[in-house]
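**Student:** For reference, the file entry.txt (compact mmCIF, C-alpha atoms) is included below:
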# COMPACT_ATOMS: atom_id res chain seq x y z
CA MET Y 1 13.80 3.52 14.10
CA GLN Y 2 15.52 6.04 11.86
CA LYS Y 3 14.35 8.92 9.74
CA ILE Y 4 16.34 9.99 6.71
CA GLN Y 5 15.97 12.83 4.24
CA ASP Y 6 18.30 11.97 1.35
CA LEU Y 7 15.85 9.97 -0.79
CA SER Y 8 13.07 11.40 -2.92
CA LEU Y 9 10.23 10.81 -0.42
CA ASP Y 10 10.37 11.40 3.34
CA HIS Y 11 10.09 8.16 5.27
CA LEU Y 12 10.78 6.20 8.43
CA ILE Y 13 12.71 2.95 8.47
CA LYS Y 14 12.95 -0.02 10.80
CA GLN Y 15 15.80 -2.48 10.45
CA PRO Y 16 14.98 -6.22 10.53
CA ARG Y 17 15.49 -8.03 13.84
CA LEU Y 18 16.24 -11.27 12.02
CA LYS Y 19 19.00 -11.00 9.41
CA LYS Y 20 18.75 -13.01 6.18
CA GLU Y 21 21.07 -13.27 3.19
CA LYS Y 22 18.54 -11.29 1.17
CA THR Y 23 16.43 -8.78 3.08
CA PRO Y 24 12.71 -8.60 2.20
CA VAL Y 25 11.19 -5.14 2.34
CA LEU Y 26 7.75 -3.83 3.25
CA PHE Y 27 6.68 -0.33 2.21
CA MET Y 28 3.85 1.37 4.15
CA PHE Y 29 1.53 3.96 2.60
CA HIS Y 30 -0.76 5.90 4.92
CA GLY Y 31 -4.24 7.25 4.30
CA TYR Y 32 -5.55 10.69 3.35
CA GLY Y 33 -4.67 13.38 5.90
CA SER Y 34 -2.27 11.21 7.88
CA ASN Y 35 1.52 10.77 7.80
CA GLU Y 36 4.32 8.21 7.92
CA ASP Y 37 3.99 7.74 11.70
CA ASP Y 38 0.51 6.24 11.42
CA LEU Y 39 1.03 2.73 10.03
CA PHE Y 40 4.54 2.64 11.47
CA SER Y 41 2.94 1.74 14.81
CA PHE Y 42 2.43 -1.75 13.30
CA ALA Y 43 6.14 -2.22 12.62
CA ASP Y 44 7.19 -3.93 15.86
CA GLU Y 45 4.46 -6.56 15.44
CA LEU Y 46 5.27 -7.54 11.86
CA PRO Y 47 7.59 -10.41 10.81
CA GLU Y 48 11.06 -9.74 12.18
CA GLU Y 49 12.94 -10.42 8.94
CA LEU Y 50 11.30 -7.42 7.22
CA PHE Y 51 13.03 -4.13 6.50
CA ILE Y 52 10.14 -1.68 6.93
CA ILE Y 53 9.86 1.69 5.20
CA SER Y 54 6.91 3.93 6.06
CA VAL Y 55 6.51 6.63 3.41
CA ARG Y 56 5.05 10.14 3.65
CA ALA Y 57 2.71 11.18 0.84
CA PRO Y 58 3.96 14.08 -1.32
CA TYR Y 59 1.05 16.53 -1.03
CA SER Y 60 0.89 18.62 2.15
CA MET Y 61 -2.59 19.46 3.39
CA SER Y 62 -3.49 22.76 5.02
CA GLY Y 63 -3.29 22.46 8.78
CA PHE Y 64 -2.26 18.83 9.16
CA GLY Y 65 -1.30 15.69 7.34
CA TYR Y 66 -0.46 14.64 3.80
CA ALA Y 67 -2.24 13.10 0.83
CA TRP Y 68 -1.32 10.97 -2.16
CA TYR Y 69 -3.86 12.96 -4.18
CA ALA Y 70 -6.54 15.55 -3.59
CA ILE Y 71 -10.14 14.67 -2.84
CA HIS Y 72 -12.56 17.36 -3.98
CA PHE Y 73 -16.10 18.03 -2.80
CA ASP Y 74 -18.60 19.48 -5.24
CA ALA Y 75 -22.26 20.21 -4.58
CA GLU Y 76 -23.37 18.72 -7.89
CA ASP Y 77 -20.81 15.95 -8.45
CA GLY Y 78 -20.27 14.97 -4.83
CA LYS Y 79 -16.87 13.69 -3.74
CA TRP Y 80 -14.31 12.85 -6.42
CA SER Y 81 -10.60 12.04 -6.61
CA ASP Y 82 -7.90 13.87 -8.53
CA ASP Y 83 -6.72 10.98 -10.71
CA SER Y 84 -3.96 13.00 -12.36
CA GLN Y 85 -2.35 13.60 -8.97
CA ALA Y 86 -2.85 9.93 -8.09
CA ILE Y 87 -1.03 8.85 -11.25
CA LYS Y 88 1.87 11.15 -10.37
CA SER Y 89 2.01 9.53 -6.92
CA ARG Y 90 1.88 6.09 -8.52
CA GLU Y 91 4.99 6.97 -10.52
CA LEU Y 92 6.73 8.50 -7.49
CA ILE Y 93 6.14 5.30 -5.52
CA LYS Y 94 7.32 3.11 -8.40
CA ASP Y 95 10.57 5.06 -8.64
CA PHE Y 96 10.99 5.24 -4.86
CA ILE Y 97 10.80 1.44 -4.58
CA ASP Y 98 13.82 1.13 -6.89
CA GLU Y 99 15.63 3.98 -5.17
CA ALA Y 100 15.13 2.61 -1.64
CA CYS Y 101 15.96 -0.99 -2.55
CA GLU Y 102 19.25 0.15 -4.03
CA ALA Y 103 20.09 2.54 -1.17
CA TYR Y 104 19.40 -0.03 1.56
CA GLU Y 105 20.55 -3.09 -0.42
CA LEU Y 106 17.17 -4.84 -0.20
CA ASP Y 107 15.75 -7.82 -2.07
CA LYS Y 108 13.93 -6.39 -5.10
CA GLU Y 109 12.35 -9.81 -5.69
CA ASN Y 110 10.65 -9.76 -2.27
CA THR Y 111 8.86 -6.43 -2.04
CA THR Y 112 5.56 -5.96 -0.17
CA LEU Y 113 3.30 -2.90 -0.23
CA LEU Y 114 1.00 -2.28 2.75
CA GLY Y 115 -1.50 0.53 2.35
CA PHE Y 116 -4.49 1.90 4.23
CA SER Y 117 -7.37 3.71 2.50
CA GLN Y 118 -5.80 6.10 -0.05
CA GLY Y 119 -2.47 4.34 0.48
CA SER Y 120 -4.23 1.05 -0.31
CA ILE Y 121 -5.63 2.47 -3.54
CA LEU Y 122 -2.11 3.55 -4.58
CA SER Y 123 -0.69 0.15 -3.60
CA TYR Y 124 -3.15 -1.54 -5.95
CA ALA Y 125 -2.24 0.95 -8.70
CA VAL Y 126 1.50 0.37 -8.41
CA ALA Y 127 1.24 -3.43 -8.18
CA LEU Y 128 -1.18 -3.84 -11.07
CA SER Y 129 0.69 -1.33 -13.25
CA TYR Y 130 4.17 -2.69 -12.42
CA PRO Y 131 3.82 -6.26 -11.07
CA GLU Y 132 7.47 -6.96 -11.81
CA LYS Y 133 8.32 -4.63 -8.90
CA VAL Y 134 5.91 -6.07 -6.32
CA LYS Y 135 5.54 -9.53 -4.82
CA ASN Y 136 2.80 -8.87 -2.23
CA VAL Y 137 0.17 -6.27 -1.45
CA VAL Y 138 -1.71 -5.83 1.82
CA ALA Y 139 -4.62 -3.54 0.94
CA LEU Y 140 -6.59 -2.29 3.96
CA SER Y 141 -9.88 -0.38 3.60
CA GLY Y 142 -9.35 0.55 -0.03
CA TYR Y 143 -10.54 -0.32 -3.55
CA ILE Y 144 -9.19 -0.59 -7.08
CA ASN Y 145 -9.49 2.64 -9.07
CA GLU Y 146 -9.13 1.63 -12.72
CA GLY Y 147 -8.64 5.26 -13.69
CA ILE Y 148 -5.17 5.35 -12.16
CA LEU Y 149 -3.85 2.05 -13.55
CA ALA Y 150 -1.35 2.01 -16.41
CA PRO Y 151 -3.21 1.95 -19.77
CA ASP Y 152 -1.87 -1.47 -20.76
CA TYR Y 153 -2.07 -3.12 -17.33
CA THR Y 154 -4.18 -6.05 -18.58
CA THR Y 155 -1.22 -7.33 -20.62
CA ASN Y 156 1.00 -7.61 -17.53
CA ASN Y 157 2.24 -10.88 -16.06
CA PHE Y 158 0.69 -11.24 -12.60
CA SER Y 159 1.87 -14.80 -11.92
CA LYS Y 160 4.17 -13.74 -9.05
CA LEU Y 161 1.77 -11.25 -7.42
CA SER Y 162 -0.30 -12.04 -4.32
CA ILE Y 163 -2.80 -9.70 -2.67
CA TYR Y 164 -4.45 -9.64 0.75
CA ALA Y 165 -7.43 -7.27 0.89
CA SER Y 166 -9.69 -6.47 3.84
CA HIS Y 167 -12.51 -4.06 4.57
CA GLY Y 168 -14.88 -3.04 7.34
CA THR Y 169 -18.51 -4.00 6.79
CA VAL Y 170 -19.68 -0.66 8.23
CA ASP Y 171 -16.99 1.54 6.65
CA GLN Y 172 -18.43 5.06 6.49
CA VAL Y 173 -15.64 6.47 4.28
CA ILE Y 174 -15.21 3.87 1.52
CA PRO Y 175 -18.33 1.71 1.08
CA VAL Y 176 -17.75 -2.01 1.50
CA GLU Y 177 -19.60 -2.49 -1.81
CA TRP Y 178 -16.63 -0.94 -3.60
CA ALA Y 179 -14.23 -3.35 -1.92
CA LYS Y 180 -16.43 -6.37 -2.66
CA LYS Y 181 -15.58 -5.93 -6.36
CA THR Y 182 -11.90 -6.61 -5.64
CA PRO Y 183 -11.84 -10.46 -5.68
CA GLY Y 184 -13.69 -10.69 -9.00
CA PHE Y 185 -11.55 -7.98 -10.58
CA LEU Y 186 -8.33 -9.71 -9.53
CA LYS Y 187 -9.58 -13.18 -10.45
CA ALA Y 188 -10.18 -11.95 -14.01
CA LEU Y 189 -6.48 -11.01 -14.13
CA ASP Y 190 -5.40 -14.33 -12.57
CA VAL Y 191 -4.04 -12.53 -9.52
CA ASP Y 192 -3.82 -14.59 -6.32
CA CYS Y 193 -6.13 -12.85 -3.82
CA THR Y 194 -7.36 -13.31 -0.26
CA TYR Y 195 -10.31 -11.07 0.67
CA GLU Y 196 -11.77 -10.66 4.17
CA GLU Y 197 -14.35 -8.45 5.86
CA PHE Y 198 -14.55 -7.45 9.51
CA PRO Y 199 -17.38 -5.84 11.53
CA VAL Y 200 -15.72 -2.43 11.88
CA GLY Y 201 -15.74 0.99 10.26
CA HIS Y 202 -12.87 2.72 8.47
CA GLY Y 203 -10.06 1.12 10.45
CA VAL Y 204 -8.15 -2.06 11.23
CA ALA Y 205 -9.66 -4.37 13.85
CA PRO Y 206 -7.31 -6.50 16.02
CA GLN Y 207 -8.53 -9.68 14.32
CA ASN Y 208 -7.84 -8.03 10.95
CA PHE Y 209 -4.27 -7.29 12.00
CA PHE Y 210 -3.63 -10.84 13.20
CA SER Y 211 -5.04 -12.18 9.92
CA LEU Y 212 -2.87 -9.96 7.72
CA LYS Y 213 0.18 -10.77 9.85
CA LYS Y 214 -0.40 -14.49 9.39
CA TRP Y 215 -0.84 -13.96 5.64
CA LEU Y 216 2.41 -12.00 5.49
CA GLU Y 217 4.31 -14.71 7.36
CA GLU Y 218 3.19 -17.18 4.72
CA HIS Y 219 4.03 -14.99 1.73
CA ILE Y 220 7.30 -13.18 2.38
Could you write out this file's structure as structure tokens?

**Tutor:**
Amino acid sequence: MQKIQDLSLDHLIKQPRLKKEKTPVLFMFHGYGSNEDDLFSFADELPEELFIISVRAPYSMSGFGYAWYAIHFDAEDGKWSDDSQAIKSRELIKDFIDEACEAYELDKENTTLLGFSQGSILSYAVALSYPEKVKNVVALSGYINEGILAPDYTTNNFSKLSIYASHGTVDQVIPVEWAKKTPGFLKALDVDCTYEEFPVGHGVAPQNFFSLKKWLEEHI
């Protein structure tokens, strides 16, 4: 494990245990109020040929943690997301992918995004807005927010993009009903998609992890 500070976003890296001629890369994007250490706990259990980069979100929260965009609470409107901040984060991630692949000499044609919750929402946004930069997405406990996709995303070529999505059936943070829309949305775009549900809340069950790991082994 190594932490570096000379790229545009703070992050942790893990070198692959199995060297290949071209090194596939997996970027991790944590949820609201967390940090780059969170998903990085998965790193040792993921396919050994992966170069893993766990990224810290750009917006510092008061007290603890970081966010990809603000979530506001209003008595009349309820909870709502700051889409303008989310779009800025989408662009930061898009640029960081190029920056990191060049800096670490990684395979730009074999890039995977793994996100949880808010990080999952941003992973969808980057992949659907810029599918030429992403081969695979593992989207955990998130949903597709059309408001933060590039305006012309429907004209993109998604033929090389594959997505694994999962959600807890009793998720108390992001309703499973929101996630259930994912397969139909992606099918309409001709995006290859695997969608699974697990009897948990807002988290990743062991069986969920084993399933996503198997999917990754088949797609990287």

**Student:** Determine, counting only C-alpha atoms, which protein, DNA and RNA residues have an atom within 9 Å of an atom of region 124-136 of chain Y; residues of the same chain fewer than 4 positions away are not included. Present the result as a PyMOL selection string.

**Tutor:** chain Y and resi 26+87+90-91+93-94+97-98+108-115+119-120+142-146+148-154+156-164+216+219-220

**Student:** With only C-alpha atoms as the atoms that count, which of Y:Ala188, Y:Leu12, Y:Glu45, Y:Phe64 lies nearest to Glu217 (chain Y)?

**Tutor:**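 Nearest to Glu217 (chain Y): Y:Glu45.
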
**Student:** Taking into account all atoms listed in the file, which residue in the set Y:Pro199, Y:Ala57, Y:Ala165, Y:Ala86 is nearest to Pro183 (chain Y)?

**Tutor:** Y:Ala165

**Student:** Which one is closest to Ile121 (chain Y): Y:Leu140, Y:Ala103, Y:Val191, Y:Ile53? Count only C-alpha atoms.

**Tutor:**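 The shortest atom-to-atom distance to Ile121 (chain Y) comes from Y:Leu140.
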
**Student:** Could you state the separation of CA of Phe27 (chain Y) and CA of Leu212 (chain Y) in Å, given to one decimal place?

**Tutor:**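 CA of Leu212 (chain Y) lies at a distance of 14.6 Å from CA of Phe27 (chain Y).
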
**Student:** Calculate how many Å separate CA of Ala70 (chain Y) from CA of Gln85 (chain Y), rounding to one decimal.

**Tutor:**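 Separation between CA of Ala70 (chain Y) and CA of Gln85 (chain Y): 7.1 Å.
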
**Student:** Would you mind reading off the distance between CA of Asp37 (chain Y) and CA of Asp107 (chain Y), one decimal, in Å?

**Tutor:**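 Computing the Euclidean distance for CA of Asp37 (chain Y) and CA of Asp107 (chain Y) yields 23.9 Å.
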
**Student:** Using only C-alpha atoms, find all polymer residues with an atom at most 10 Å away from the point (-8.0, 7.5, 5.9); report them as an mmCIF file with C-alpha atoms, keeping the file's coordinate frame.

**Tutor:**
data_model
loop_
_atom_site.group_PDB
_atom_site.id
_atom_site.type_symbol
_atom_site.label_atom_id
_atom_site.label_comp_id
_atom_site.auth_asym_id
_atom_site.auth_seq_id
_atom_site.Cartn_x
_atom_site.Cartn_y
_atom_site.Cartn_z
ATOM 1 C CA HIS Y 30 -0.760 5.900 4.920
ATOM 2 C CA GLY Y 31 -4.240 7.250 4.300
ATOM 3 C CA TYR Y 32 -5.550 10.690 3.350
ATOM 4 C CA GLY Y 33 -4.670 13.380 5.900
ATOM 5 C CA SER Y 34 -2.270 11.210 7.880
ATOM 6 C CA ALA Y 67 -2.240 13.100 0.830
ATOM 7 C CA PHE Y 116 -4.490 1.900 4.230
ATOM 8 C CA SER Y 117 -7.370 3.710 2.500
ATOM 9 C CA GLN Y 118 -5.800 6.100 -0.050
ATOM 10 C CA GLY Y 119 -2.470 4.340 0.480
ATOM 11 C CA SER Y 120 -4.230 1.050 -0.310
ATOM 12 C CA SER Y 141 -9.880 -0.380 3.600
ATOM 13 C CA GLY Y 142 -9.350 0.550 -0.030
ATOM 14 C CA VAL Y 173 -15.640 6.470 4.280
ATOM 15 C CA ILE Y 174 -15.210 3.870 1.520
ATOM 16 C CA HIS Y 202 -12.870 2.720 8.470
ATOM 17 C CA GLY Y 203 -10.060 1.120 10.450
#

**Student:** Tell me which of Y:Trp215, Y:Trp178, Y:Thr169, Y:Leu186 sits closest to Val200 (chain Y), counting all atoms listed in the file.

**Tutor:**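 Nearest to Val200 (chain Y): Y:Thr169.
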
**Student:** For Glu21 (chain Y), which of Y:Glu105, Y:Glu36, Y:Asp83, Y:Asp44 is the closest residue, counting all atoms listed in the file?

**Tutor:**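 Result for the nearest residue to Glu21 (chain Y): Y:Glu105.
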
**Student:** Return the single residue from Y:Tyr69, Y:Phe51, Y:Phe29, Y:Phe40 that is closest to Arg17 (chain Y), with distances computed using all atoms listed in the file.

**Tutor:** Y:Phe51
